[in-house]
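Shown below: work-v7.txt, with compact mmCIF, N, CA and C atoms.
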```txt
# COMPACT_ATOMS: atom_id res chain seq x y z
N MET S 1 -16.61 -10.22 -0.07
CA MET S 1 -15.19 -9.95 -0.10
C MET S 1 -14.89 -9.06 -1.30
N HIS S 2 -14.07 -8.05 -1.09
CA HIS S 2 -13.67 -7.16 -2.19
C HIS S 2 -12.17 -6.93 -2.10
N SER S 3 -11.53 -6.85 -3.23
CA SER S 3 -10.09 -6.60 -3.31
C SER S 3 -9.88 -5.55 -4.39
N TRP S 4 -9.65 -4.30 -3.96
CA TRP S 4 -9.42 -3.23 -4.92
C TRP S 4 -7.94 -3.12 -5.23
N ASP S 5 -7.60 -3.04 -6.51
CA ASP S 5 -6.20 -2.87 -6.87
C ASP S 5 -6.12 -2.15 -8.21
N ALA S 6 -4.92 -1.72 -8.54
CA ALA S 6 -4.72 -0.96 -9.78
C ALA S 6 -4.41 -1.86 -10.96
N GLY S 7 -4.52 -3.16 -10.79
CA GLY S 7 -4.25 -4.08 -11.88
C GLY S 7 -2.80 -4.55 -11.88
N ILE S 8 -2.48 -5.33 -12.87
CA ILE S 8 -1.13 -5.88 -13.02
C ILE S 8 -0.53 -5.24 -14.27
N SER S 9 0.61 -4.58 -14.10
CA SER S 9 1.25 -3.88 -15.22
C SER S 9 1.92 -4.88 -16.15
N GLU S 10 2.40 -4.37 -17.30
CA GLU S 10 3.11 -5.22 -18.25
C GLU S 10 4.36 -5.83 -17.63
N SER S 11 4.96 -5.12 -16.65
CA SER S 11 6.16 -5.65 -15.99
C SER S 11 5.81 -6.59 -14.84
N LEU S 12 4.52 -6.88 -14.69
CA LEU S 12 3.98 -7.76 -13.64
C LEU S 12 4.06 -7.14 -12.25
N THR S 13 4.23 -5.82 -12.18
CA THR S 13 4.11 -5.13 -10.89
C THR S 13 2.62 -5.05 -10.57
N PHE S 14 2.27 -5.33 -9.33
CA PHE S 14 0.85 -5.30 -8.99
C PHE S 14 0.61 -4.58 -7.67
N TRP S 15 -0.65 -4.20 -7.48
CA TRP S 15 -1.13 -3.50 -6.30
C TRP S 15 -0.41 -2.18 -6.07
N THR S 16 -0.03 -1.51 -7.14
CA THR S 16 0.60 -0.20 -7.01
C THR S 16 -0.12 0.78 -7.94
N THR S 17 -0.14 2.03 -7.55
CA THR S 17 -0.70 3.09 -8.38
C THR S 17 -0.03 4.40 -8.00
N PRO S 18 0.15 5.29 -8.96
CA PRO S 18 0.76 6.58 -8.62
C PRO S 18 -0.17 7.40 -7.73
N VAL S 19 0.42 8.17 -6.86
CA VAL S 19 -0.33 9.13 -6.04
C VAL S 19 0.28 10.51 -6.28
N PRO S 20 -0.50 11.57 -6.10
CA PRO S 20 0.03 12.91 -6.34
C PRO S 20 1.24 13.23 -5.46
N GLU S 21 2.16 14.01 -6.03
CA GLU S 21 3.32 14.45 -5.25
C GLU S 21 2.83 15.18 -4.01
N GLY S 22 3.49 14.93 -2.89
CA GLY S 22 3.10 15.54 -1.62
C GLY S 22 2.13 14.69 -0.83
N SER S 23 1.71 13.54 -1.38
CA SER S 23 0.76 12.67 -0.67
C SER S 23 1.40 11.92 0.48
N ALA S 24 2.73 11.76 0.42
CA ALA S 24 3.44 11.01 1.46
C ALA S 24 4.45 11.91 2.15
N GLU S 25 4.61 11.68 3.44
CA GLU S 25 5.58 12.43 4.24
C GLU S 25 6.27 11.45 5.18
N VAL S 26 7.60 11.45 5.17
CA VAL S 26 8.36 10.52 5.99
C VAL S 26 9.40 11.29 6.79
N ASP S 27 9.49 10.99 8.08
CA ASP S 27 10.52 11.56 8.94
C ASP S 27 11.17 10.40 9.69
N LEU S 28 12.23 9.84 9.11
CA LEU S 28 12.85 8.66 9.70
C LEU S 28 13.47 8.97 11.06
N GLU S 29 13.98 10.19 11.25
CA GLU S 29 14.56 10.54 12.56
C GLU S 29 13.50 10.49 13.65
N ALA S 30 12.28 10.90 13.34
CA ALA S 30 11.19 10.86 14.31
C ALA S 30 10.48 9.51 14.31
N GLY S 31 10.76 8.68 13.29
CA GLY S 31 10.11 7.37 13.20
C GLY S 31 8.64 7.48 12.82
N THR S 32 8.32 8.43 11.93
CA THR S 32 6.93 8.62 11.53
C THR S 32 6.81 8.68 10.01
N ALA S 33 5.63 8.35 9.53
CA ALA S 33 5.32 8.48 8.11
C ALA S 33 3.81 8.63 7.98
N GLU S 34 3.39 9.32 6.92
CA GLU S 34 1.97 9.50 6.64
C GLU S 34 1.73 9.40 5.14
N LEU S 35 0.59 8.85 4.76
CA LEU S 35 0.16 8.80 3.38
C LEU S 35 -1.29 9.25 3.34
N HIS S 36 -1.57 10.23 2.50
CA HIS S 36 -2.94 10.69 2.29
C HIS S 36 -3.16 10.86 0.80
N ALA S 37 -4.17 10.20 0.26
CA ALA S 37 -4.51 10.35 -1.15
C ALA S 37 -6.02 10.26 -1.30
N GLU S 38 -6.52 10.99 -2.29
CA GLU S 38 -7.95 11.00 -2.58
C GLU S 38 -8.19 10.71 -4.06
N ASN S 39 -9.36 10.17 -4.34
CA ASN S 39 -9.81 9.93 -5.71
C ASN S 39 -8.78 9.17 -6.55
N ILE S 40 -8.35 8.05 -6.03
CA ILE S 40 -7.43 7.19 -6.76
C ILE S 40 -8.28 6.39 -7.73
N CYS S 41 -8.30 6.83 -8.96
CA CYS S 41 -9.17 6.22 -9.96
C CYS S 41 -8.48 5.05 -10.63
N ALA S 42 -9.22 4.41 -11.51
CA ALA S 42 -8.72 3.30 -12.31
C ALA S 42 -8.24 2.13 -11.47
N VAL S 43 -8.95 1.85 -10.40
CA VAL S 43 -8.69 0.62 -9.67
C VAL S 43 -9.78 -0.37 -10.05
N PHE S 44 -9.52 -1.62 -9.82
CA PHE S 44 -10.48 -2.66 -10.12
C PHE S 44 -10.94 -3.31 -8.82
N ASP S 45 -12.21 -3.66 -8.77
CA ASP S 45 -12.70 -4.50 -7.70
C ASP S 45 -12.65 -5.92 -8.25
N ALA S 46 -11.65 -6.65 -7.83
CA ALA S 46 -11.44 -8.02 -8.32
C ALA S 46 -12.10 -9.05 -7.40
N PHE S 47 -12.78 -8.59 -6.37
CA PHE S 47 -13.58 -9.40 -5.45
C PHE S 47 -12.76 -10.22 -4.46
N THR S 48 -11.68 -10.84 -4.89
CA THR S 48 -10.86 -11.63 -3.97
C THR S 48 -9.38 -11.37 -4.26
N VAL S 49 -8.52 -11.58 -3.28
CA VAL S 49 -7.08 -11.42 -3.47
C VAL S 49 -6.59 -12.41 -4.52
N GLY S 50 -7.04 -13.65 -4.47
CA GLY S 50 -6.63 -14.66 -5.44
C GLY S 50 -6.96 -14.23 -6.86
N ASN S 51 -8.12 -13.66 -7.05
CA ASN S 51 -8.51 -13.17 -8.37
C ASN S 51 -7.66 -11.97 -8.77
N SER S 52 -7.27 -11.13 -7.81
CA SER S 52 -6.39 -10.00 -8.10
C SER S 52 -5.05 -10.47 -8.63
N LEU S 53 -4.55 -11.57 -8.10
CA LEU S 53 -3.23 -12.06 -8.47
C LEU S 53 -3.22 -12.87 -9.76
N SER S 54 -4.38 -13.25 -10.26
CA SER S 54 -4.47 -14.05 -11.47
C SER S 54 -4.54 -13.14 -12.69
N LEU S 55 -3.62 -13.33 -13.64
CA LEU S 55 -3.63 -12.52 -14.85
C LEU S 55 -4.93 -12.67 -15.63
N GLY S 56 -5.54 -13.85 -15.58
CA GLY S 56 -6.77 -14.10 -16.30
C GLY S 56 -8.02 -13.62 -15.58
N ARG S 57 -7.89 -13.32 -14.29
CA ARG S 57 -9.03 -12.89 -13.45
C ARG S 57 -10.28 -13.74 -13.71
N PRO S 58 -10.23 -15.03 -13.36
CA PRO S 58 -11.34 -15.93 -13.66
C PRO S 58 -12.66 -15.50 -13.02
N ALA S 59 -12.63 -14.77 -11.92
CA ALA S 59 -13.87 -14.32 -11.29
C ALA S 59 -14.33 -12.98 -11.86
N GLY S 60 -13.59 -12.47 -12.85
CA GLY S 60 -13.94 -11.18 -13.45
C GLY S 60 -13.52 -10.03 -12.55
N PHE S 61 -13.85 -8.82 -12.97
CA PHE S 61 -13.60 -7.63 -12.17
C PHE S 61 -14.44 -6.49 -12.73
N VAL S 62 -14.67 -5.51 -11.92
CA VAL S 62 -15.40 -4.32 -12.34
C VAL S 62 -14.62 -3.08 -11.92
N SER S 63 -14.90 -1.97 -12.57
CA SER S 63 -14.24 -0.71 -12.21
C SER S 63 -14.69 -0.25 -10.84
N GLY S 64 -13.74 0.29 -10.10
CA GLY S 64 -14.04 0.84 -8.79
C GLY S 64 -13.13 2.03 -8.55
N ARG S 65 -13.23 2.60 -7.38
CA ARG S 65 -12.32 3.70 -7.05
C ARG S 65 -12.09 3.72 -5.55
N ILE S 66 -10.92 4.18 -5.19
CA ILE S 66 -10.62 4.42 -3.78
C ILE S 66 -10.80 5.91 -3.58
N ASP S 67 -11.82 6.29 -2.82
CA ASP S 67 -12.11 7.70 -2.59
C ASP S 67 -11.03 8.36 -1.74
N SER S 68 -10.59 7.64 -0.70
CA SER S 68 -9.55 8.21 0.15
C SER S 68 -8.81 7.12 0.90
N VAL S 69 -7.56 7.39 1.18
CA VAL S 69 -6.75 6.51 2.01
C VAL S 69 -5.87 7.39 2.89
N ASP S 70 -5.88 7.11 4.16
CA ASP S 70 -5.03 7.79 5.14
C ASP S 70 -4.36 6.73 5.99
N ILE S 71 -3.03 6.72 5.98
CA ILE S 71 -2.28 5.79 6.80
C ILE S 71 -1.23 6.59 7.56
N LYS S 72 -1.13 6.32 8.87
CA LYS S 72 -0.14 6.99 9.71
C LYS S 72 0.64 5.95 10.48
N TRP S 73 1.98 6.08 10.43
CA TRP S 73 2.88 5.18 11.13
C TRP S 73 3.64 6.00 12.18
N SER S 74 3.76 5.48 13.41
CA SER S 74 4.56 6.14 14.44
C SER S 74 4.92 5.14 15.53
N GLY S 75 5.88 5.53 16.36
CA GLY S 75 6.26 4.68 17.49
C GLY S 75 7.21 3.56 17.13
N VAL S 76 8.49 3.89 16.98
CA VAL S 76 9.50 2.87 16.65
C VAL S 76 9.62 1.89 17.81
N THR S 77 9.49 0.59 17.52
CA THR S 77 9.66 -0.44 18.54
C THR S 77 10.98 -1.19 18.39
N LYS S 78 11.56 -1.12 17.18
CA LYS S 78 12.83 -1.80 16.95
C LYS S 78 13.48 -1.19 15.71
N SER S 79 14.81 -1.02 15.76
CA SER S 79 15.55 -0.46 14.63
C SER S 79 16.46 -1.50 14.01
N PHE S 80 16.55 -1.47 12.69
CA PHE S 80 17.45 -2.34 11.94
C PHE S 80 18.35 -1.40 11.12
N LEU S 81 19.43 -0.96 11.73
CA LEU S 81 20.31 0.03 11.12
C LEU S 81 21.48 -0.63 10.42
N GLY S 82 21.87 -0.09 9.28
CA GLY S 82 23.04 -0.60 8.57
C GLY S 82 22.86 -1.95 7.92
N VAL S 83 21.64 -2.30 7.55
CA VAL S 83 21.44 -3.56 6.83
C VAL S 83 22.21 -3.46 5.51
N HIS S 84 23.06 -4.45 5.23
CA HIS S 84 23.91 -4.38 4.05
C HIS S 84 24.10 -5.79 3.50
N ASP S 85 23.55 -6.06 2.32
CA ASP S 85 23.60 -7.38 1.72
C ASP S 85 24.27 -7.26 0.35
N THR S 86 25.57 -7.53 0.31
CA THR S 86 26.34 -7.39 -0.93
C THR S 86 25.88 -8.37 -1.99
N LYS S 87 25.57 -9.59 -1.61
CA LYS S 87 25.16 -10.62 -2.57
C LYS S 87 23.90 -10.19 -3.32
N ASN S 88 22.94 -9.62 -2.63
CA ASN S 88 21.67 -9.23 -3.25
C ASN S 88 21.60 -7.73 -3.56
N THR S 89 22.73 -7.04 -3.45
CA THR S 89 22.85 -5.59 -3.70
C THR S 89 21.70 -4.80 -3.07
N PHE S 90 21.66 -4.87 -1.75
CA PHE S 90 20.56 -4.27 -1.00
C PHE S 90 21.10 -3.72 0.30
N MET S 91 20.74 -2.49 0.65
CA MET S 91 21.15 -1.94 1.94
C MET S 91 20.11 -0.93 2.40
N GLY S 92 20.09 -0.67 3.72
CA GLY S 92 19.16 0.31 4.22
C GLY S 92 19.08 0.35 5.73
N ASN S 93 18.25 1.26 6.20
CA ASN S 93 17.91 1.41 7.61
C ASN S 93 16.39 1.27 7.72
N PHE S 94 15.95 0.42 8.63
CA PHE S 94 14.53 0.12 8.74
C PHE S 94 14.08 0.21 10.18
N PHE S 95 12.81 0.57 10.37
CA PHE S 95 12.26 0.79 11.70
C PHE S 95 10.92 0.08 11.82
N GLN S 96 10.85 -0.85 12.77
CA GLN S 96 9.59 -1.51 13.06
C GLN S 96 8.72 -0.52 13.81
N ILE S 97 7.45 -0.42 13.40
CA ILE S 97 6.54 0.58 13.93
C ILE S 97 5.45 -0.09 14.76
N GLY S 98 5.13 0.52 15.90
CA GLY S 98 4.13 -0.06 16.79
C GLY S 98 2.74 0.51 16.68
N ASP S 99 2.59 1.72 16.13
CA ASP S 99 1.27 2.35 16.07
C ASP S 99 0.95 2.73 14.63
N VAL S 100 -0.07 2.10 14.07
CA VAL S 100 -0.48 2.37 12.69
C VAL S 100 -1.99 2.57 12.68
N THR S 101 -2.44 3.64 12.03
CA THR S 101 -3.88 3.81 11.80
C THR S 101 -4.12 3.84 10.30
N ILE S 102 -5.20 3.21 9.89
CA ILE S 102 -5.55 3.12 8.48
C ILE S 102 -7.03 3.49 8.33
N ALA S 103 -7.29 4.45 7.45
CA ALA S 103 -8.66 4.82 7.12
C ALA S 103 -8.80 4.78 5.61
N VAL S 104 -9.75 3.99 5.12
CA VAL S 104 -9.94 3.82 3.67
C VAL S 104 -11.42 3.89 3.35
N THR S 105 -11.75 4.56 2.26
CA THR S 105 -13.09 4.53 1.69
C THR S 105 -12.96 4.10 0.24
N ALA S 106 -13.64 3.03 -0.14
CA ALA S 106 -13.57 2.51 -1.50
C ALA S 106 -14.98 2.21 -2.00
N ILE S 107 -15.18 2.37 -3.30
CA ILE S 107 -16.51 2.22 -3.88
C ILE S 107 -16.44 1.42 -5.17
N THR S 108 -17.40 0.51 -5.32
CA THR S 108 -17.69 -0.10 -6.60
C THR S 108 -19.06 0.47 -6.99
N PRO S 109 -19.10 1.36 -7.99
CA PRO S 109 -20.34 2.07 -8.31
C PRO S 109 -21.50 1.15 -8.67
N ARG S 110 -22.71 1.62 -8.41
CA ARG S 110 -23.92 0.87 -8.76
C ARG S 110 -23.99 0.59 -10.27
N SER S 111 -23.45 1.50 -11.07
CA SER S 111 -23.51 1.35 -12.53
C SER S 111 -22.80 0.08 -13.01
N THR S 112 -21.96 -0.52 -12.16
CA THR S 112 -21.28 -1.76 -12.52
C THR S 112 -22.18 -2.97 -12.29
N GLY S 113 -23.30 -2.74 -11.62
CA GLY S 113 -24.18 -3.84 -11.26
C GLY S 113 -23.88 -4.40 -9.88
N HIS S 114 -22.86 -3.85 -9.20
CA HIS S 114 -22.47 -4.36 -7.88
C HIS S 114 -22.79 -3.37 -6.76
N GLY S 115 -22.52 -2.10 -6.94
CA GLY S 115 -22.89 -1.07 -5.97
C GLY S 115 -22.48 -1.37 -4.54
N PHE S 116 -21.19 -1.33 -4.26
CA PHE S 116 -20.69 -1.64 -2.93
C PHE S 116 -19.82 -0.48 -2.45
N ARG S 117 -19.95 -0.12 -1.15
CA ARG S 117 -19.12 0.93 -0.56
C ARG S 117 -18.51 0.39 0.73
N PHE S 118 -17.20 0.59 0.88
CA PHE S 118 -16.49 0.16 2.07
C PHE S 118 -15.90 1.38 2.76
N VAL S 119 -16.12 1.48 4.07
CA VAL S 119 -15.51 2.54 4.88
C VAL S 119 -14.90 1.87 6.10
N SER S 120 -13.58 2.01 6.25
CA SER S 120 -12.91 1.37 7.39
C SER S 120 -13.09 2.23 8.64
N ASP S 121 -12.88 1.61 9.76
CA ASP S 121 -12.91 2.31 11.05
C ASP S 121 -11.50 2.27 11.62
N PRO S 122 -10.76 3.41 11.54
CA PRO S 122 -9.37 3.39 12.00
C PRO S 122 -9.22 3.02 13.47
N ALA S 123 -10.26 3.21 14.27
CA ALA S 123 -10.19 2.88 15.69
C ALA S 123 -10.12 1.36 15.90
N THR S 124 -10.58 0.59 14.93
CA THR S 124 -10.57 -0.86 15.10
C THR S 124 -9.54 -1.54 14.20
N THR S 125 -8.66 -0.76 13.60
CA THR S 125 -7.63 -1.31 12.72
C THR S 125 -6.66 -2.17 13.52
N THR S 126 -6.38 -3.37 13.03
CA THR S 126 -5.37 -4.22 13.64
C THR S 126 -4.22 -4.39 12.65
N VAL S 127 -3.04 -4.00 13.06
CA VAL S 127 -1.85 -4.13 12.23
C VAL S 127 -0.87 -5.02 12.99
N ASN S 128 -0.51 -6.15 12.39
CA ASN S 128 0.38 -7.09 13.06
C ASN S 128 1.86 -6.76 12.89
N TYR S 129 2.19 -6.09 11.81
CA TYR S 129 3.59 -5.72 11.60
C TYR S 129 3.63 -4.57 10.61
N ALA S 130 4.45 -3.57 10.91
CA ALA S 130 4.64 -2.44 10.00
C ALA S 130 6.09 -2.00 10.09
N GLN S 131 6.59 -1.50 8.97
CA GLN S 131 7.99 -1.08 8.91
C GLN S 131 8.11 0.09 7.95
N ILE S 132 8.91 1.09 8.32
CA ILE S 132 9.28 2.17 7.42
C ILE S 132 10.80 2.18 7.33
N GLY S 133 11.34 2.87 6.34
CA GLY S 133 12.79 2.92 6.25
C GLY S 133 13.25 3.53 4.95
N SER S 134 14.56 3.48 4.77
CA SER S 134 15.16 3.92 3.52
C SER S 134 16.04 2.78 3.02
N GLU S 135 16.08 2.62 1.70
CA GLU S 135 16.86 1.54 1.14
C GLU S 135 17.48 1.94 -0.18
N SER S 136 18.53 1.27 -0.52
CA SER S 136 19.19 1.41 -1.81
C SER S 136 19.41 0.02 -2.37
N ASN S 137 19.14 -0.15 -3.67
CA ASN S 137 19.36 -1.45 -4.29
C ASN S 137 19.72 -1.27 -5.74
N GLY S 138 20.06 -2.36 -6.40
CA GLY S 138 20.39 -2.31 -7.82
C GLY S 138 21.49 -1.32 -8.12
N SER S 139 21.27 -0.44 -9.07
CA SER S 139 22.29 0.52 -9.48
C SER S 139 22.56 1.58 -8.39
N PHE S 140 21.69 1.69 -7.41
CA PHE S 140 21.88 2.66 -6.32
C PHE S 140 22.62 2.05 -5.13
N PHE S 141 22.92 0.76 -5.22
CA PHE S 141 23.62 0.06 -4.13
C PHE S 141 25.09 0.49 -4.10
N ILE S 142 25.59 0.74 -2.90
CA ILE S 142 26.99 1.08 -2.69
C ILE S 142 27.67 -0.11 -2.00
N PRO S 143 28.57 -0.82 -2.72
CA PRO S 143 29.19 -2.02 -2.13
C PRO S 143 30.03 -1.75 -0.90
```
Show how you would write the structure in this file as structure tokens.
Amino acid sequence: MHSWDAGISESLTFWTTPVPEGSAEVDLEAGTAELHAENICAVFDAFTVGNSLSLGRPAGFVSGRIDSVDIKWSGVTKSFLGVHDTKNTFMGNFFQIGDVTIAVTAITPRSTGHGFRFVSDPATTTVNYAQIGSESNGSFFIP
């Protein structure tokens, strides 16, 4: 089992990392989105999701990298338009997506003592739920 992530930031944000501008493209009118990024460095192979979520990382971790990630969303199956929650200052339009393909290549280099490479097969990807949309919250919320 391997769990690659960018670590936990000082603000306790986790499983996020910057990607180059232009890596993502979204067309909400068409109900499509794409993400393509290469050489996402400074990720950790924390081995398990539980270890990824633990600030102490009791199982340890080693440096790894995600060589490439390609995700494509299309085929709106349900729309949630005009979601507006005044109490939680949250609003948006969201679209449940029926067709998602994911292709990922990730490596834990041999120099770490682990030497593991993962390559997904987008043809066998199973996605149980996916959603794209636009949202406004916090200071961007319009009551």
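Checking S:Ala123, S:Ile107, S:Met91, S:Val26 one by one against Phe141 in chain S, counting all atoms listed in the file, you find the shortest gap at S:Met91.
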A straight line from atom C of Thr108 in chain S to CA of Gly64 in chain S spans 5.3 Å
Exercise. Would you mind telling me which residue in S:Val119, S:Val19, S:Val104, S:Ala30 lies nearest to Val76 in chain S when using all atoms listed in the file?
Key: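 Using all atoms listed in the file, the shortest distance to Val76 in chain S belongs to S:Ala30.
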One residue among S:Ser120, S:Thr32, S:Ser63, S:Thr89 is nearest to Phe44 in chain S when using all atoms listed in the file, and that residue is S:Ser63
Report as a list in words all protein, DNA and RNA residues lying within 6 Å of range 66-70 of chain S, evaluated on all atoms listed in the file, omitting residues in the same chain fewer than 5 positions from it. Leu35, His36, Ala37, Glu38, Asn39, Ile40, Cys41, Thr101, Ile102, Ala103, Val104, Thr105, Ala106 and Ile107 of chain S
Shortest interatomic distance to Arg65 in chain S - which of S:Ala33, S:Val83, S:Pro122, S:Pro109, counting only C-alpha atoms
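Answer, going by the shortest atom-to-atom distance: S:Pro109.
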- prompt: Between S:Gly92, S:Gly82, S:Gly98, S:Gly50, which is the closest to Gln131 in chain S once you count all atoms listed in the file?
  reply: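 Nearest candidate to Gln131 in chain S out of S:Gly92, S:Gly82, S:Gly98, S:Gly50: S:Gly98.
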Could you check which residues have any atom within 12 Å of (19.8, -1.9, 2.2), counting only C-alpha atoms with coordinates taken straight from the file, and then list them as a tab-separated table (two decimals) with N, CA and C atoms, in the frame of the given file?
```tsv
chain	number	residue	atom	x	y	z
S	80	PHE	N	16.55	-1.47	12.69
S	80	PHE	CA	17.45	-2.34	11.94
S	80	PHE	C	18.35	-1.40	11.12
S	81	LEU	N	19.43	-0.96	11.73
S	81	LEU	CA	20.31	0.03	11.12
S	81	LEU	C	21.48	-0.63	10.42
S	82	GLY	N	21.87	-0.09	9.28
S	82	GLY	CA	23.04	-0.60	8.57
S	82	GLY	C	22.86	-1.95	7.92
S	83	VAL	N	21.64	-2.30	7.55
S	83	VAL	CA	21.44	-3.56	6.83
S	83	VAL	C	22.21	-3.46	5.51
S	84	HIS	N	23.06	-4.45	5.23
S	84	HIS	CA	23.91	-4.38	4.05
S	84	HIS	C	24.10	-5.79	3.50
S	85	ASP	N	23.55	-6.06	2.32
S	85	ASP	CA	23.60	-7.38	1.72
S	85	ASP	C	24.27	-7.26	0.35
S	86	THR	N	25.57	-7.53	0.31
S	86	THR	CA	26.34	-7.39	-0.93
S	86	THR	C	25.88	-8.37	-1.99
S	87	LYS	N	25.57	-9.59	-1.61
S	87	LYS	CA	25.16	-10.62	-2.57
S	87	LYS	C	23.90	-10.19	-3.32
S	88	ASN	N	22.94	-9.62	-2.63
S	88	ASN	CA	21.67	-9.23	-3.25
S	88	ASN	C	21.60	-7.73	-3.56
S	89	THR	N	22.73	-7.04	-3.45
S	89	THR	CA	22.85	-5.59	-3.70
S	89	THR	C	21.70	-4.80	-3.07
S	90	PHE	N	21.66	-4.87	-1.75
S	90	PHE	CA	20.56	-4.27	-1.00
S	90	PHE	C	21.10	-3.72	0.30
S	91	MET	N	20.74	-2.49	0.65
S	91	MET	CA	21.15	-1.94	1.94
S	91	MET	C	20.11	-0.93	2.40
S	92	GLY	N	20.09	-0.67	3.72
S	92	GLY	CA	19.16	0.31	4.22
S	92	GLY	C	19.08	0.35	5.73
S	93	ASN	N	18.25	1.26	6.20
S	93	ASN	CA	17.91	1.41	7.61
S	93	ASN	C	16.39	1.27	7.72
S	94	PHE	N	15.95	0.42	8.63
S	94	PHE	CA	14.53	0.12	8.74
S	94	PHE	C	14.08	0.21	10.18
S	133	GLY	N	11.34	2.87	6.34
S	133	GLY	CA	12.79	2.92	6.25
S	133	GLY	C	13.25	3.53	4.95
S	134	SER	N	14.56	3.48	4.77
S	134	SER	CA	15.16	3.92	3.52
S	134	SER	C	16.04	2.78	3.02
S	135	GLU	N	16.08	2.62	1.70
S	135	GLU	CA	16.86	1.54	1.14
S	135	GLU	C	17.48	1.94	-0.18
S	136	SER	N	18.53	1.27	-0.52
S	136	SER	CA	19.19	1.41	-1.81
S	136	SER	C	19.41	0.02	-2.37
S	137	ASN	N	19.14	-0.15	-3.67
S	137	ASN	CA	19.36	-1.45	-4.29
S	137	ASN	C	19.72	-1.27	-5.74
S	138	GLY	N	20.06	-2.36	-6.40
S	138	GLY	CA	20.39	-2.31	-7.82
S	138	GLY	C	21.49	-1.32	-8.12
S	140	PHE	N	21.69	1.69	-7.41
S	140	PHE	CA	21.88	2.66	-6.32
S	140	PHE	C	22.62	2.05	-5.13
S	141	PHE	N	22.92	0.76	-5.22
S	141	PHE	CA	23.62	0.06	-4.13
S	141	PHE	C	25.09	0.49	-4.10
S	142	ILE	N	25.59	0.74	-2.90
S	142	ILE	CA	26.99	1.08	-2.69
S	142	ILE	C	27.67	-0.11	-2.00
S	143	PRO	N	28.57	-0.82	-2.72
S	143	PRO	CA	29.19	-2.02	-2.13
S	143	PRO	C	30.03	-1.75	-0.90
```
Between S:Gly115, S:Ser139, S:Glu21, S:Ile132, which is the closest to Ser79 in chain S once you count only C-alpha atoms?
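Distance minimum relative to Ser79 in chain S lands on S:Ile132.
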* CA of Gly75 in chain S to CA of Val100 in chain S, distance in Å rounded to a single decimal ->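 Calculated distance between CA of Gly75 in chain S and CA of Val100 in chain S is 8.6 Å.
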Members of range 58-132 of chain S assigned strand (DSSP E or B) by DSSP, as a VMD selection string
chain S and resid 62 to 85 90 to 108 116 to 119 131 to 132
Separating CA of Pro20 in chain S from CA of Asn128 in chain S, to the nearest tenth of an Å, is a gap of 27.9 Å
task = Identify, with DSSP run on backbone atoms, the residues in range 73-130 of chain S assigned to helix (DSSP H, G or I), and express the list as number ranges by chain.
result = S: 110-112, 122-124
Could you pull the residues within 7 Å of Glu34 in chain S, counting all atoms listed in the file, minus those fewer than 6 positions along the same chain, as a PyMOL selection string?
chain S and resi 23-27+70-73
Write the selection just made, keeping N, CA and C atoms, as a CSV table (one decimal), keeping the file's coordinate frame?
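Okay, this is what ended up in out_30.csv:
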```
chain,number,residue,atom,x,y,z
S,23,SER,N,1.7,13.5,-1.4
S,23,SER,CA,0.8,12.7,-0.7
S,23,SER,C,1.4,11.9,0.5
S,24,ALA,N,2.7,11.8,0.4
S,24,ALA,CA,3.4,11.0,1.5
S,24,ALA,C,4.4,11.9,2.2
S,25,GLU,N,4.6,11.7,3.4
S,25,GLU,CA,5.6,12.4,4.2
S,25,GLU,C,6.3,11.4,5.2
S,26,VAL,N,7.6,11.4,5.2
S,26,VAL,CA,8.4,10.5,6.0
S,26,VAL,C,9.4,11.3,6.8
S,27,ASP,N,9.5,11.0,8.1
S,27,ASP,CA,10.5,11.6,8.9
S,27,ASP,C,11.2,10.4,9.7
S,70,ASP,N,-5.9,7.1,4.2
S,70,ASP,CA,-5.0,7.8,5.1
S,70,ASP,C,-4.4,6.7,6.0
S,71,ILE,N,-3.0,6.7,6.0
S,71,ILE,CA,-2.3,5.8,6.8
S,71,ILE,C,-1.2,6.6,7.6
S,72,LYS,N,-1.1,6.3,8.9
S,72,LYS,CA,-0.1,7.0,9.7
S,72,LYS,C,0.6,6.0,10.5
S,73,TRP,N,2.0,6.1,10.4
S,73,TRP,CA,2.9,5.2,11.1
S,73,TRP,C,3.6,6.0,12.2
```
